[in-house]
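Below is the file run.csv, which contains CSV, C-alpha atoms and all ligand atoms.
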```
chain,number,residue,atom,x,y,z
X,37,MET,CA,-5.8,17.9,10.7
X,38,LEU,CA,-2.0,17.7,10.6
X,39,TYR,CA,-0.3,18.9,7.4
X,40,LYS,CA,3.2,18.0,6.3
X,41,LYS,CA,5.4,19.2,3.5
X,42,TYR,CA,5.6,16.6,0.7
X,43,GLY,CA,9.4,16.4,0.4
X,44,LYS,CA,10.9,19.3,-1.5
X,45,THR,CA,7.8,20.1,-3.5
X,46,GLY,CA,6.7,22.6,-0.8
X,47,LYS,CA,3.1,21.3,-0.9
X,48,ASP,CA,1.3,21.0,2.4
X,49,ILE,CA,-0.4,17.6,2.4
X,50,SER,CA,-2.9,16.2,5.0
X,51,ILE,CA,-1.5,13.4,7.1
X,52,ILE,CA,-4.5,11.3,6.2
X,53,GLY,CA,-4.9,10.8,2.5
X,54,PHE,CA,-8.0,9.4,0.8
X,55,GLY,CA,-7.3,6.0,-0.8
X,56,GLY,CA,-9.8,5.6,-3.6
X,57,MET,CA,-9.7,1.8,-3.9
X,58,ARG,CA,-12.5,0.8,-1.6
X,59,PHE,CA,-15.7,2.5,-2.8
X,60,GLN,CA,-18.5,0.1,-2.4
X,61,LYS,CA,-21.2,-0.9,-4.8
X,62,ASP,CA,-24.9,-0.4,-4.0
X,63,GLY,CA,-26.2,-3.7,-5.3
X,64,GLU,CA,-24.7,-4.3,-8.7
X,65,GLU,CA,-23.5,-0.8,-9.4
X,66,TYR,CA,-21.6,2.1,-7.8
X,67,ASP,CA,-23.8,5.0,-6.8
X,68,LEU,CA,-21.3,7.5,-8.1
X,69,GLU,CA,-22.9,10.6,-6.5
X,70,LYS,CA,-23.1,8.9,-3.1
X,71,CYS,CA,-19.5,7.8,-3.3
X,72,ALA,CA,-18.5,11.4,-4.4
X,73,GLN,CA,-20.1,12.7,-1.2
X,74,MET,CA,-17.5,10.7,0.8
X,75,VAL,CA,-14.8,12.6,-1.1
X,76,THR,CA,-16.3,16.0,-0.5
X,77,ARG,CA,-16.9,15.2,3.1
X,78,ALA,CA,-13.2,14.2,3.5
X,79,TYR,CA,-12.2,17.6,2.0
X,80,GLU,CA,-14.5,19.4,4.5
X,81,LEU,CA,-12.7,17.5,7.3
X,82,GLY,CA,-9.3,18.6,6.1
X,83,ILE,CA,-8.1,15.8,3.7
X,84,ASN,CA,-6.5,17.3,0.7
X,85,TYR,CA,-4.7,14.4,-0.9
X,86,PHE,CA,-6.8,12.1,-3.1
X,87,ASP,CA,-5.2,8.9,-4.4
X,88,THR,CA,-6.6,6.8,-7.2
X,89,ALA,CA,-5.6,4.6,-10.1
X,90,PRO,CA,-7.1,3.8,-13.5
X,91,GLY,CA,-8.1,0.3,-12.4
X,92,TYR,CA,-9.5,1.0,-8.9
X,93,CYS,CA,-13.2,-0.1,-8.6
X,94,GLY,CA,-13.3,-1.2,-12.2
X,95,GLY,CA,-12.3,2.2,-13.4
X,96,LYS,CA,-15.1,4.0,-11.4
X,97,SER,CA,-12.8,5.4,-8.8
X,98,GLU,CA,-11.4,8.1,-11.1
X,99,GLU,CA,-15.0,8.9,-12.2
X,100,ILE,CA,-16.1,9.3,-8.6
X,101,PHE,CA,-13.3,11.7,-7.9
X,102,GLY,CA,-14.1,13.6,-11.1
X,103,ILE,CA,-17.7,14.2,-9.8
X,104,ALA,CA,-16.4,15.3,-6.4
X,105,PHE,CA,-13.6,17.5,-7.6
X,106,LYS,CA,-16.2,19.7,-9.4
X,107,GLN,CA,-17.8,20.4,-6.0
X,108,ILE,CA,-14.6,21.1,-4.0
X,109,PRO,CA,-14.2,24.8,-3.6
X,110,GLY,CA,-10.5,25.0,-2.6
X,111,LYS,CA,-7.1,23.6,-3.3
X,112,PHE,CA,-6.6,19.8,-3.3
X,113,TYR,CA,-4.0,17.4,-4.7
X,114,VAL,CA,-4.7,14.5,-7.2
X,115,SER,CA,-2.6,11.4,-7.2
X,116,THR,CA,-3.0,8.7,-9.9
X,117,LYS,CA,-0.9,6.2,-11.6
X,118,SER,CA,0.1,4.2,-14.7
X,119,SER,CA,1.5,0.7,-14.7
X,120,ALA,CA,2.2,1.0,-18.5
X,121,ARG,CA,5.3,-0.7,-19.9
X,122,THR,CA,5.5,1.6,-22.9
X,123,GLY,CA,5.6,5.3,-23.3
X,124,ASP,CA,2.5,5.3,-25.6
X,125,LYS,CA,0.5,3.4,-23.1
X,126,LEU,CA,1.4,5.7,-20.3
X,127,ARG,CA,0.3,8.7,-22.4
X,128,GLU,CA,-3.0,7.0,-23.1
X,129,ASP,CA,-3.5,6.2,-19.4
X,130,LEU,CA,-2.7,9.8,-18.4
X,131,GLU,CA,-5.0,11.3,-20.9
X,132,ARG,CA,-7.8,9.0,-19.8
X,133,SER,CA,-7.2,9.9,-16.1
X,134,LEU,CA,-7.3,13.6,-16.9
X,135,LYS,CA,-10.5,13.2,-18.8
X,136,ARG,CA,-12.2,11.0,-16.2
X,137,MET,CA,-11.3,13.4,-13.3
X,138,GLY,CA,-11.9,16.6,-15.3
X,139,VAL,CA,-8.6,18.1,-14.2
X,140,GLU,CA,-6.0,19.9,-16.3
X,141,LYS,CA,-3.0,18.2,-14.6
X,142,ILE,CA,-2.1,15.4,-12.2
X,143,ASP,CA,-0.3,16.7,-9.1
X,144,PHE,CA,1.4,13.4,-8.3
X,145,PHE,CA,1.7,11.0,-11.2
X,146,HIS,CA,3.0,7.6,-10.2
X,147,ILE,CA,5.0,5.1,-12.2
X,148,TRP,CA,2.9,2.4,-10.6
X,149,CYS,CA,3.4,-1.0,-9.0
X,150,VAL,CA,7.1,-1.4,-9.6
X,151,LEU,CA,7.6,-4.9,-8.3
X,152,THR,CA,11.3,-5.6,-8.7
X,153,MET,CA,14.5,-3.8,-9.8
X,154,GLU,CA,14.3,-5.4,-13.1
X,155,ASP,CA,10.8,-4.0,-13.5
X,156,TYR,CA,12.1,-0.6,-12.4
X,157,ARG,CA,14.8,-0.6,-15.1
X,158,LYS,CA,12.3,-1.5,-17.7
X,159,ARG,CA,10.2,1.6,-16.9
X,160,LEU,CA,13.3,3.8,-17.5
X,161,VAL,CA,14.3,2.5,-21.0
X,162,LYS,CA,14.6,5.0,-23.8
X,163,GLY,CA,11.2,5.9,-25.2
X,164,GLY,CA,9.6,4.1,-22.2
X,165,PRO,CA,7.1,5.1,-19.5
X,166,TYR,CA,9.4,7.4,-17.5
X,167,GLU,CA,10.4,9.4,-20.5
X,168,ALA,CA,6.7,9.8,-21.5
X,169,ALA,CA,6.0,11.0,-18.0
X,170,LEU,CA,8.8,13.6,-18.3
X,171,LYS,CA,7.4,14.8,-21.5
X,172,ALA,CA,3.9,15.2,-19.9
X,173,LYS,CA,5.5,17.1,-17.1
X,174,GLU,CA,7.2,19.5,-19.6
X,175,GLU,CA,3.8,20.0,-21.2
X,176,GLY,CA,2.2,20.9,-17.8
X,177,LEU,CA,0.0,17.8,-17.6
X,178,VAL,CA,1.9,16.4,-14.6
X,179,GLU,CA,3.3,18.4,-11.7
X,180,HIS,CA,5.4,15.8,-10.0
X,181,ILE,CA,6.6,12.4,-11.1
X,182,THR,CA,6.5,9.8,-8.4
X,183,ILE,CA,6.8,6.1,-8.0
X,184,SER,CA,4.8,3.4,-6.3
X,185,THR,CA,6.7,0.2,-5.4
X,186,HIS,CA,6.6,-3.1,-3.6
X,187,CYS,CA,10.4,-3.3,-3.6
X,188,ASN,CA,12.2,-4.0,-0.3
X,189,GLY,CA,14.1,-1.4,1.8
X,190,GLU,CA,17.5,-1.8,0.1
X,191,GLU,CA,16.0,-1.7,-3.4
X,192,ILE,CA,14.1,1.5,-2.5
X,193,GLU,CA,17.4,3.0,-1.3
X,194,THR,CA,18.9,2.4,-4.7
X,195,ILE,CA,15.8,4.0,-6.4
X,196,VAL,CA,16.1,7.0,-4.1
X,197,LYS,CA,19.8,7.5,-4.8
X,198,GLU,CA,19.1,7.6,-8.6
X,199,GLY,CA,17.0,10.7,-7.8
X,200,LEU,CA,14.5,10.4,-10.6
X,201,PHE,CA,11.4,10.8,-8.5
X,202,GLU,CA,10.0,13.5,-6.2
X,203,GLY,CA,8.0,11.2,-4.1
X,204,ILE,CA,7.3,7.5,-3.4
X,205,THR,CA,4.2,5.5,-2.4
X,206,LEU,CA,4.8,2.2,-0.6
X,207,GLY,CA,3.1,-0.4,1.5
X,208,TYR,CA,4.0,0.1,5.1
X,209,ASN,CA,2.3,-1.0,8.4
X,210,ILE,CA,2.9,-2.5,11.8
X,211,LEU,CA,3.5,-5.9,10.3
X,212,ASN,CA,6.1,-5.1,7.6
X,213,PHE,CA,7.8,-2.0,8.8
X,214,PRO,CA,11.2,-3.5,9.7
X,215,TYR,CA,11.4,-4.7,6.1
X,216,ARG,CA,10.9,-1.3,4.4
X,217,ARG,CA,12.1,1.1,7.0
X,218,SER,CA,15.5,1.8,5.5
X,219,GLY,CA,13.8,2.7,2.2
X,220,LEU,CA,11.4,5.0,4.0
X,221,LYS,CA,14.3,6.8,5.8
X,222,ALA,CA,16.3,7.1,2.6
X,223,ALA,CA,13.4,8.7,0.8
X,224,PHE,CA,12.8,11.2,3.6
X,225,ASP,CA,16.5,12.0,4.0
X,226,ASN,CA,16.7,12.7,0.3
X,227,GLY,CA,13.8,15.2,0.3
X,228,MET,CA,11.1,12.9,-1.2
X,229,GLY,CA,7.5,13.0,-0.2
X,230,VAL,CA,6.4,9.6,1.2
X,231,ALA,CA,2.8,8.3,1.0
X,232,THR,CA,2.1,4.9,2.6
X,233,MET,CA,-0.6,2.6,1.6
X,234,ASN,CA,-2.0,-0.6,3.1
X,235,PRO,CA,-1.8,0.6,6.8
X,236,LEU,CA,-4.1,-2.3,7.8
X,237,GLY,CA,-2.0,-5.0,6.2
X,238,GLY,CA,-4.7,-6.1,3.8
X,239,GLY,CA,-7.0,-6.8,6.7
X,240,VAL,CA,-4.6,-9.0,8.7
X,241,ILE,CA,-4.3,-6.3,11.3
X,242,PRO,CA,-8.0,-5.9,12.3
X,243,GLN,CA,-8.4,-9.7,12.0
X,244,ASN,CA,-5.6,-10.1,14.6
X,245,ALA,CA,-6.8,-7.4,17.0
X,246,GLU,CA,-6.3,-9.8,19.9
X,247,TYR,CA,-2.6,-10.5,19.0
X,248,LEU,CA,-2.0,-6.8,18.5
X,249,LYS,CA,-3.8,-5.4,21.5
X,250,PHE,CA,-0.4,-4.2,22.9
X,251,MET,CA,-0.5,-1.6,20.0
X,252,ILE,CA,-3.8,-0.1,21.2
X,253,ASN,CA,-3.2,3.1,23.2
X,254,GLU,CA,-5.7,4.0,25.9
X,255,GLU,CA,-7.2,6.8,23.9
X,256,ASP,CA,-7.6,4.7,20.7
X,257,GLN,CA,-11.1,3.4,19.7
X,258,SER,CA,-9.7,0.3,17.9
X,259,ILE,CA,-6.8,-1.4,16.4
X,260,VAL,CA,-7.7,0.3,13.1
X,261,GLU,CA,-7.1,3.7,14.7
X,262,SER,CA,-3.9,2.5,16.3
X,263,ALA,CA,-2.6,1.1,13.0
X,264,ILE,CA,-3.3,4.3,11.1
X,265,LYS,CA,-1.7,6.3,13.9
X,266,PHE,CA,1.3,4.0,13.8
X,267,ASN,CA,2.1,5.1,10.2
X,268,ALA,CA,1.0,8.7,10.7
X,269,SER,CA,3.4,9.1,13.7
X,270,HIS,CA,6.5,8.5,11.6
X,271,LYS,CA,8.3,11.7,10.8
X,272,GLU,CA,9.3,10.3,7.5
X,273,ILE,CA,5.7,9.7,6.3
X,274,THR,CA,3.9,12.6,4.7
X,275,THR,CA,0.5,11.0,4.3
X,276,VAL,CA,-1.2,7.8,5.2
X,277,LEU,CA,-3.5,6.5,2.5
X,278,THR,CA,-6.6,4.9,4.0
X,279,GLY,CA,-9.2,3.2,1.9
X,280,MET,CA,-12.6,4.6,2.7
X,281,SER,CA,-15.8,2.6,2.1
X,282,SER,CA,-18.4,4.7,4.0
X,283,LEU,CA,-19.0,8.2,5.4
X,284,ARG,CA,-18.3,6.7,8.8
X,285,ASP,CA,-14.8,5.6,7.6
X,286,VAL,CA,-14.2,9.1,6.4
X,287,GLU,CA,-15.2,10.7,9.7
X,288,GLU,CA,-13.2,8.1,11.8
X,289,ASN,CA,-10.1,8.2,9.6
X,290,ALA,CA,-10.0,12.0,9.3
X,291,ALA,CA,-10.4,12.3,13.1
X,292,VAL,CA,-7.1,10.3,13.5
X,293,GLY,CA,-5.4,13.2,11.7
X,294,ASN,CA,-6.0,15.4,14.7
X,295,LYS,CA,-4.4,13.1,17.2
X,296,ILE,CA,-0.8,12.4,16.0
X,297,SER,CA,2.2,12.4,18.2
X,298,PRO,CA,5.6,11.2,16.8
X,299,PHE,CA,7.1,7.9,17.8
X,300,THR,CA,10.6,7.7,19.1
X,301,GLU,CA,13.1,5.1,17.8
X,302,GLU,CA,12.9,3.4,21.2
X,303,LYS,CA,9.1,3.0,20.8
X,304,LEU,CA,9.5,1.5,17.3
X,305,LYS,CA,12.1,-1.0,18.6
X,306,GLU,CA,9.7,-1.9,21.4
X,307,ILE,CA,6.9,-2.5,19.0
X,308,GLU,CA,9.2,-4.6,16.7
X,309,ASN,CA,10.2,-6.8,19.7
X,310,LYS,CA,6.6,-7.2,20.9
X,311,LEU,CA,5.5,-7.9,17.4
X,312,SER,CA,7.8,-10.8,16.7
X,313,ALA,CA,6.9,-12.2,20.1
X,314,SER,CA,3.1,-11.8,19.6
X,315,MET,CA,2.8,-12.8,16.0
X,316,ASN,CA,5.2,-15.8,16.1
X,317,GLU,CA,2.9,-18.1,14.2
X,318,LEU,CA,1.9,-15.7,11.4
X,319,CYS,CA,3.6,-14.7,8.2
X,320,THR,CA,4.0,-10.9,8.2
X,321,GLY,CA,4.3,-10.7,4.4
X,322,CYS,CA,7.8,-9.3,4.7
X,323,ARG,CA,9.0,-11.2,1.5
X,324,TYR,CA,12.5,-12.0,2.8
X,325,CYS,CA,11.9,-15.5,1.6
X,326,GLU,CA,11.4,-14.7,-2.0
X,327,LYS,CA,13.5,-16.1,-4.8
X,328,CYS,CA,12.7,-19.7,-4.3
X,329,PRO,CA,14.7,-21.7,-6.9
X,330,GLN,CA,11.5,-23.6,-7.7
X,331,GLY,CA,9.5,-20.5,-8.3
X,332,VAL,CA,7.1,-21.1,-5.4
X,333,SER,CA,5.3,-17.9,-4.4
X,334,ILE,CA,6.2,-18.4,-0.8
X,335,PRO,CA,4.8,-15.2,0.8
X,336,LYS,CA,1.5,-15.7,-1.0
X,337,PHE,CA,1.2,-19.3,0.2
X,338,MET,CA,2.2,-18.3,3.8
X,339,LEU,CA,-0.2,-15.4,3.9
X,340,ALA,CA,-2.9,-17.7,2.7
X,341,TYR,CA,-1.9,-20.1,5.4
X,342,ASN,CA,-2.4,-17.3,8.0
X,343,GLU,CA,-6.1,-17.4,7.1
X,344,SER,CA,-6.5,-21.0,8.4
X,345,LEU,CA,-4.6,-20.1,11.5
X,346,ILE,CA,-6.8,-17.2,12.2
X,347,ARG,CA,-10.1,-18.8,11.3
X,348,LYS,CA,-9.2,-22.3,12.3
X,349,ASP,CA,-10.5,-23.6,9.0
X,350,LYS,CA,-8.4,-24.9,6.1
X,351,THR,CA,-11.0,-23.8,3.5
X,352,ALA,CA,-10.0,-20.2,4.4
X,353,THR,CA,-6.6,-20.9,3.0
X,354,MET,CA,-7.9,-22.6,0.0
X,355,ASN,CA,-10.3,-19.7,-0.7
X,356,ALA,CA,-7.5,-17.1,-0.2
X,357,LEU,CA,-5.2,-19.0,-2.6
X,358,LYS,CA,-7.9,-19.1,-5.3
X,359,TRP,CA,-9.6,-15.7,-4.9
X,360,THR,CA,-6.9,-13.5,-3.4
X,361,TYR,CA,-3.7,-14.8,-4.8
X,362,GLY,CA,-4.8,-16.7,-8.0
X,363,LEU,CA,-2.7,-19.7,-7.1
X,364,SER,CA,-3.4,-23.5,-7.3
X,365,PRO,CA,-2.6,-25.3,-4.0
X,366,LYS,CA,-0.9,-27.9,-6.3
X,367,GLU,CA,1.9,-25.4,-6.9
X,368,ALA,CA,2.9,-26.0,-3.3
X,369,ASN,CA,4.2,-29.4,-4.4
X,370,GLU,CA,6.9,-27.7,-6.5
X,371,CYS,CA,8.9,-27.3,-3.2
X,372,ILE,CA,12.0,-29.5,-3.1
X,373,ALA,CA,12.7,-28.8,0.6
X,374,CYS,CA,16.0,-27.1,-0.1
X,375,GLY,CA,15.5,-25.0,3.1
X,376,ALA,CA,16.7,-21.7,1.6
X,377,CYS,CA,13.5,-19.9,2.5
X,378,GLU,CA,13.3,-21.1,6.1
X,379,LYS,CA,16.8,-19.7,6.7
X,380,LYS,CA,15.7,-16.3,5.6
X,381,CYS,CA,12.2,-16.3,7.3
X,382,THR,CA,12.0,-13.4,9.8
X,383,GLN,CA,9.3,-15.3,11.7
X,384,HIS,CA,11.2,-18.7,11.6
X,385,LEU,CA,8.2,-20.4,10.1
X,386,ASN,CA,8.2,-24.0,9.1
X,387,ILE,CA,7.5,-23.2,5.5
X,388,ILE,CA,8.3,-26.6,4.1
X,389,GLU,CA,5.8,-28.3,6.4
X,390,ARG,CA,3.1,-25.7,5.7
X,391,LEU,CA,3.5,-26.1,2.0
X,392,LYS,CA,3.2,-29.9,2.3
X,393,GLU,CA,0.0,-29.4,4.4
X,394,ILE,CA,-1.5,-27.0,1.8
X,395,TYR,CA,-0.7,-29.5,-0.9
X,396,SER,CA,-2.3,-32.3,1.1
X,397,TRP,CA,-5.5,-30.2,1.4
X,398,SER,CA,-5.8,-30.2,-2.4
X,399,ASN,CA,-6.0,-34.0,-2.7
W,1,LIG,S1,12.3,-25.0,0.7
W,1,LIG,FE1,10.9,-25.2,-1.0
W,1,LIG,S2,9.8,-23.2,-1.0
W,1,LIG,FE2,11.6,-22.9,0.2
W,1,LIG,S3,13.1,-22.1,-1.2
W,1,LIG,FE3,13.4,-24.3,-1.1
W,1,LIG,S4,12.2,-25.1,-2.8
W,1,LIG,FE4,11.5,-23.0,-2.4
W,2,LIG,S1,7.3,-16.7,5.1
W,2,LIG,FE1,8.6,-15.6,6.6
W,2,LIG,S2,10.1,-14.5,5.3
W,2,LIG,FE2,8.4,-15.1,4.0
W,2,LIG,S3,7.0,-13.4,3.9
W,2,LIG,FE3,6.3,-14.7,5.6
W,2,LIG,S4,7.3,-14.0,7.4
W,2,LIG,FE4,8.4,-13.1,5.7
```

Could you rewrite the structure in this file as structure tokens?
Amino acid sequence: MLYKKYGKTGKDISIIGFGGMRFQKDGEEYDLEKCAQMVTRAYELGINYFDTAPGYCGGKSEEIFGIAFKQIPGKFYVSTKSSARTGDKLREDLERSLKRMGVEKIDFFHIWCVLTMEDYRKRLVKGGPYEAALKAKEEGLVEHITISTHCNGEEIETIVKEGLFEGITLGYNILNFPYRRSGLKAAFDNGMGVATMNPLGGGVIPQNAEYLKFMINEEDQSIVESAIKFNASHKEITTVLTGMSSLRDVEENAAVGNKISPFTEEKLKEIENKLSASMNELCTGCRYCEKCPQGVSIPKFMLAYNESLIRKDKTATMNALKWTYGLSPKEANECIACGACEKKCTQHLNIIERLKEIYSWSN
């Protein structure tokens, strides 16, 4: 297993991190002991960074880690999060996480799921969540304050420059890397640790293995391995969080940590070029098209539209809208065809036509 320094903290972190959001139920319930065995096995295979959040797996993820941590004999690092909008709520979240996991402190405590710069500013207000995290750090309950964000590259650069965090967790993968890369570089250059989540693009990458076969190296077993390696091969990335659902996932993902070789800038450019050529029909979720004047959630609609392109069935889009994105197809009719989004779309998609089509499917 390759280990890298987490920014200026000096901590050696495994290149593969355990993402604790994909434990599976056995029937109606989680088998907590069985899930905990996946965590202990990951530790045996060299993984030492365990990432969870209070809401993962209906709150059971932290409990599973708690069971496993009692059995782990050596040093490991715990990452959890709070999306609280007030200082009191953050404190409540932190105390519950400590209790559930049976640990005395959280190594990497994330101000979680910062969606926009406005949201970021709100977390920093006097008496707010960030101040509460600082206080917890002074008390020794938190080792490092970190941030998890869905902001774009430029926004991340601003956050990095303000210097309030020791590390950052962000979604980064083959499909969206051009969009976030400047933020990733800024974080690395400023001595922050970088954890990346969602290396499989929410499932879009394995579902498009055929489109992406140019990514698969000869020695790789699958596109999943190639996608994890893609993140792990960036010098800026400290650890790649991979969601694990079975012991087999643990074995396979940990094995990738033994096969990393860095990418050059040229190789990244080549991938970017091939990507736009190969995925020209699909939305990559880059979110350049956001800020529709009518408030249409364009990336969500377009990602849902991907589903019908991949599966050749419009019900796949309708199901994704309902169950994944919580949107009504009728909202697509809010579009007034101003064209602003199409000008910004990195994939040059015919967004207006696609929205019309989605709306027509609802009638
Ligand atoms: S074309 Fe439609 S979806 Fe795109 S920005 Fe204008 S109103 Fe929004
Ligand atoms: S519609 Fe275009 S700009 Fe918007 S998220 Fe998808 S690829 Fe990016």

Might you pull out every residue within 10 Å of range 368-372 of chain X, with only C-alpha atoms counted and same-chain residues fewer than 2 positions away left off, and present them as a list of chain:residue names? X:Cys328, X:Pro329, X:Gln330, X:Gly331, X:Val332, X:Ser333, X:Ile334, X:Phe337, X:Leu363, X:Ser364, X:Pro365, X:Lys366, X:Cys374, X:Gly375, X:Ile387, X:Ile388, X:Arg390, X:Leu391, X:Lys392, X:Glu393, X:Ile394, X:Tyr395, X:Ser396, X:Ser398

Could you pull out the residues sitting within 6 Å of ligand LIG 2 (chain W), using all atoms listed in the file, and write them as a PyMOL selection string? chain X and resi 319-325+335+338+380-383+385

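Our summary of the geometry notes that CA of Phe59 in chain X is positioned 4.9 Å from CA of Ser281 in chain X.
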
Ala290 in chain X surroundings by only C-alpha atoms, 7 Å radius, close-in-sequence under 5 positions cut, as a PyMOL selection string: chain X and resi 52+78+81

Just the selected residues (C-alpha atoms), exported as a compact mmCIF listing (two decimals), keeping the file's coordinate frame, please.
```txt
# COMPACT_ATOMS: atom_id res chain seq x y z
CA ILE X 52 -4.50 11.30 6.20
CA ALA X 78 -13.20 14.20 3.50
CA LEU X 81 -12.70 17.50 7.30
```

Is there a way to get, as a PDB file with C-alpha atoms, in the coordinates of the input, all residues within 12 Å of the point (-8.7, 5.3, -18.1) in file coordinates, counting all atoms listed in the file?
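Final file, part_31.pdb:
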```pdb
ATOM      1  CA  THR X  88      -6.600   6.800  -7.200  1.00  0.00           C
ATOM      2  CA  ALA X  89      -5.600   4.600 -10.100  1.00  0.00           C
ATOM      3  CA  PRO X  90      -7.100   3.800 -13.500  1.00  0.00           C
ATOM      4  CA  GLY X  91      -8.100   0.300 -12.400  1.00  0.00           C
ATOM      5  CA  TYR X  92      -9.500   1.000  -8.900  1.00  0.00           C
ATOM      6  CA  CYS X  93     -13.200  -0.100  -8.600  1.00  0.00           C
ATOM      7  CA  GLY X  94     -13.300  -1.200 -12.200  1.00  0.00           C
ATOM      8  CA  GLY X  95     -12.300   2.200 -13.400  1.00  0.00           C
ATOM      9  CA  LYS X  96     -15.100   4.000 -11.400  1.00  0.00           C
ATOM     10  CA  SER X  97     -12.800   5.400  -8.800  1.00  0.00           C
ATOM     11  CA  GLU X  98     -11.400   8.100 -11.100  1.00  0.00           C
ATOM     12  CA  GLU X  99     -15.000   8.900 -12.200  1.00  0.00           C
ATOM     13  CA  THR X 116      -3.000   8.700  -9.900  1.00  0.00           C
ATOM     14  CA  LYS X 117      -0.900   6.200 -11.600  1.00  0.00           C
ATOM     15  CA  SER X 118       0.100   4.200 -14.700  1.00  0.00           C
ATOM     16  CA  SER X 119       1.500   0.700 -14.700  1.00  0.00           C
ATOM     17  CA  ALA X 120       2.200   1.000 -18.500  1.00  0.00           C
ATOM     18  CA  LYS X 125       0.500   3.400 -23.100  1.00  0.00           C
ATOM     19  CA  LEU X 126       1.400   5.700 -20.300  1.00  0.00           C
ATOM     20  CA  ARG X 127       0.300   8.700 -22.400  1.00  0.00           C
ATOM     21  CA  GLU X 128      -3.000   7.000 -23.100  1.00  0.00           C
ATOM     22  CA  ASP X 129      -3.500   6.200 -19.400  1.00  0.00           C
ATOM     23  CA  LEU X 130      -2.700   9.800 -18.400  1.00  0.00           C
ATOM     24  CA  GLU X 131      -5.000  11.300 -20.900  1.00  0.00           C
ATOM     25  CA  ARG X 132      -7.800   9.000 -19.800  1.00  0.00           C
ATOM     26  CA  SER X 133      -7.200   9.900 -16.100  1.00  0.00           C
ATOM     27  CA  LEU X 134      -7.300  13.600 -16.900  1.00  0.00           C
ATOM     28  CA  LYS X 135     -10.500  13.200 -18.800  1.00  0.00           C
ATOM     29  CA  ARG X 136     -12.200  11.000 -16.200  1.00  0.00           C
ATOM     30  CA  MET X 137     -11.300  13.400 -13.300  1.00  0.00           C
TER      31      MET X 137
END
```

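Every protein, DNA or RNA residue with an atom at most 9 Å from Glu179 in chain X, where only C-alpha atoms count and chain neighbours fewer than 6 positions away do not, is listed here: Lys141, Ile142, Asp143, Phe144, Phe145, Ala172 and Lys173 of chain X.
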
Atomic separation - CA of Leu151 in chain X relative to CA of Glu367 in chain X, Å: 21.3 Å

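Those residues that approach Arg77 in chain X to within 10 Å, counting only C-alpha atoms, are Ala72, Gln73, Met74, Glu80, Leu81, Gly82, Ile83, Ala104, Ile108, Leu283, Val286, Glu287 and Ala290 of chain X; same-chain residues fewer than 3 positions away are not listed.
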
Can you spit out the residues from that selection as a PDB file, in the frame of the given file, using C-alpha atoms?
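Here's the written file part-v7.pdb:
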```
ATOM      1  CA  ALA X  72     -18.500  11.400  -4.400  1.00  0.00           C
ATOM      2  CA  GLN X  73     -20.100  12.700  -1.200  1.00  0.00           C
ATOM      3  CA  MET X  74     -17.500  10.700   0.800  1.00  0.00           C
ATOM      4  CA  GLU X  80     -14.500  19.400   4.500  1.00  0.00           C
ATOM      5  CA  LEU X  81     -12.700  17.500   7.300  1.00  0.00           C
ATOM      6  CA  GLY X  82      -9.300  18.600   6.100  1.00  0.00           C
ATOM      7  CA  ILE X  83      -8.100  15.800   3.700  1.00  0.00           C
ATOM      8  CA  ALA X 104     -16.400  15.300  -6.400  1.00  0.00           C
ATOM      9  CA  ILE X 108     -14.600  21.100  -4.000  1.00  0.00           C
ATOM     10  CA  LEU X 283     -19.000   8.200   5.400  1.00  0.00           C
ATOM     11  CA  VAL X 286     -14.200   9.100   6.400  1.00  0.00           C
ATOM     12  CA  GLU X 287     -15.200  10.700   9.700  1.00  0.00           C
ATOM     13  CA  ALA X 290     -10.000  12.000   9.300  1.00  0.00           C
TER      14      ALA X 290
END
```

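Across X:Glu343, X:Tyr361, X:Lys327, X:Glu64, the tightest approach to ligand LIG 1 (chain W) is made by X:Lys327 when counting all atoms listed in the file.
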
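Reported to one decimal place, the separation of atom S1 of ligand LIG 1 (chain W) from CA of Met354 in chain X is 20.4 Å.
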
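Among the candidates X:Ala356, X:Glu306, X:Gln60, X:Glu326, the residue lying nearest to ligand LIG 1 (chain W) is X:Glu326 (atoms considered: all atoms listed in the file).
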
Please enclose the listed atoms of range 211-226 of chain X in an axis-aligned box, pad each side by 4 Å, and write out the centre and the three edge lengths in Å, rounded to one decimal, as AutoDock Vina command-line options.
```
--center_x 10.1 --center_y 3.4 --center_z 5.3 --size_x 21.2 --size_y 26.6 --size_z 18.0
```

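Among the candidates X:Glu174, X:Glu202, X:Glu191, X:Glu317, the one nearest to Tyr215 in chain X when counting only C-alpha atoms is X:Glu191.
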
Near Thr274 in chain X, within 8 Å and counting all atoms listed in the file, which residues show up once chain neighbours fewer than 5 positions away are dropped, as a PyMOL selection string? chain X and resi 40-43+49-51+229-231+268

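In this comparison, which uses all atoms listed in the file, the residue of X:Gly53, X:Thr232, X:Gln107, X:Val150 approaching Leu38 in chain X most closely is X:Gly53.
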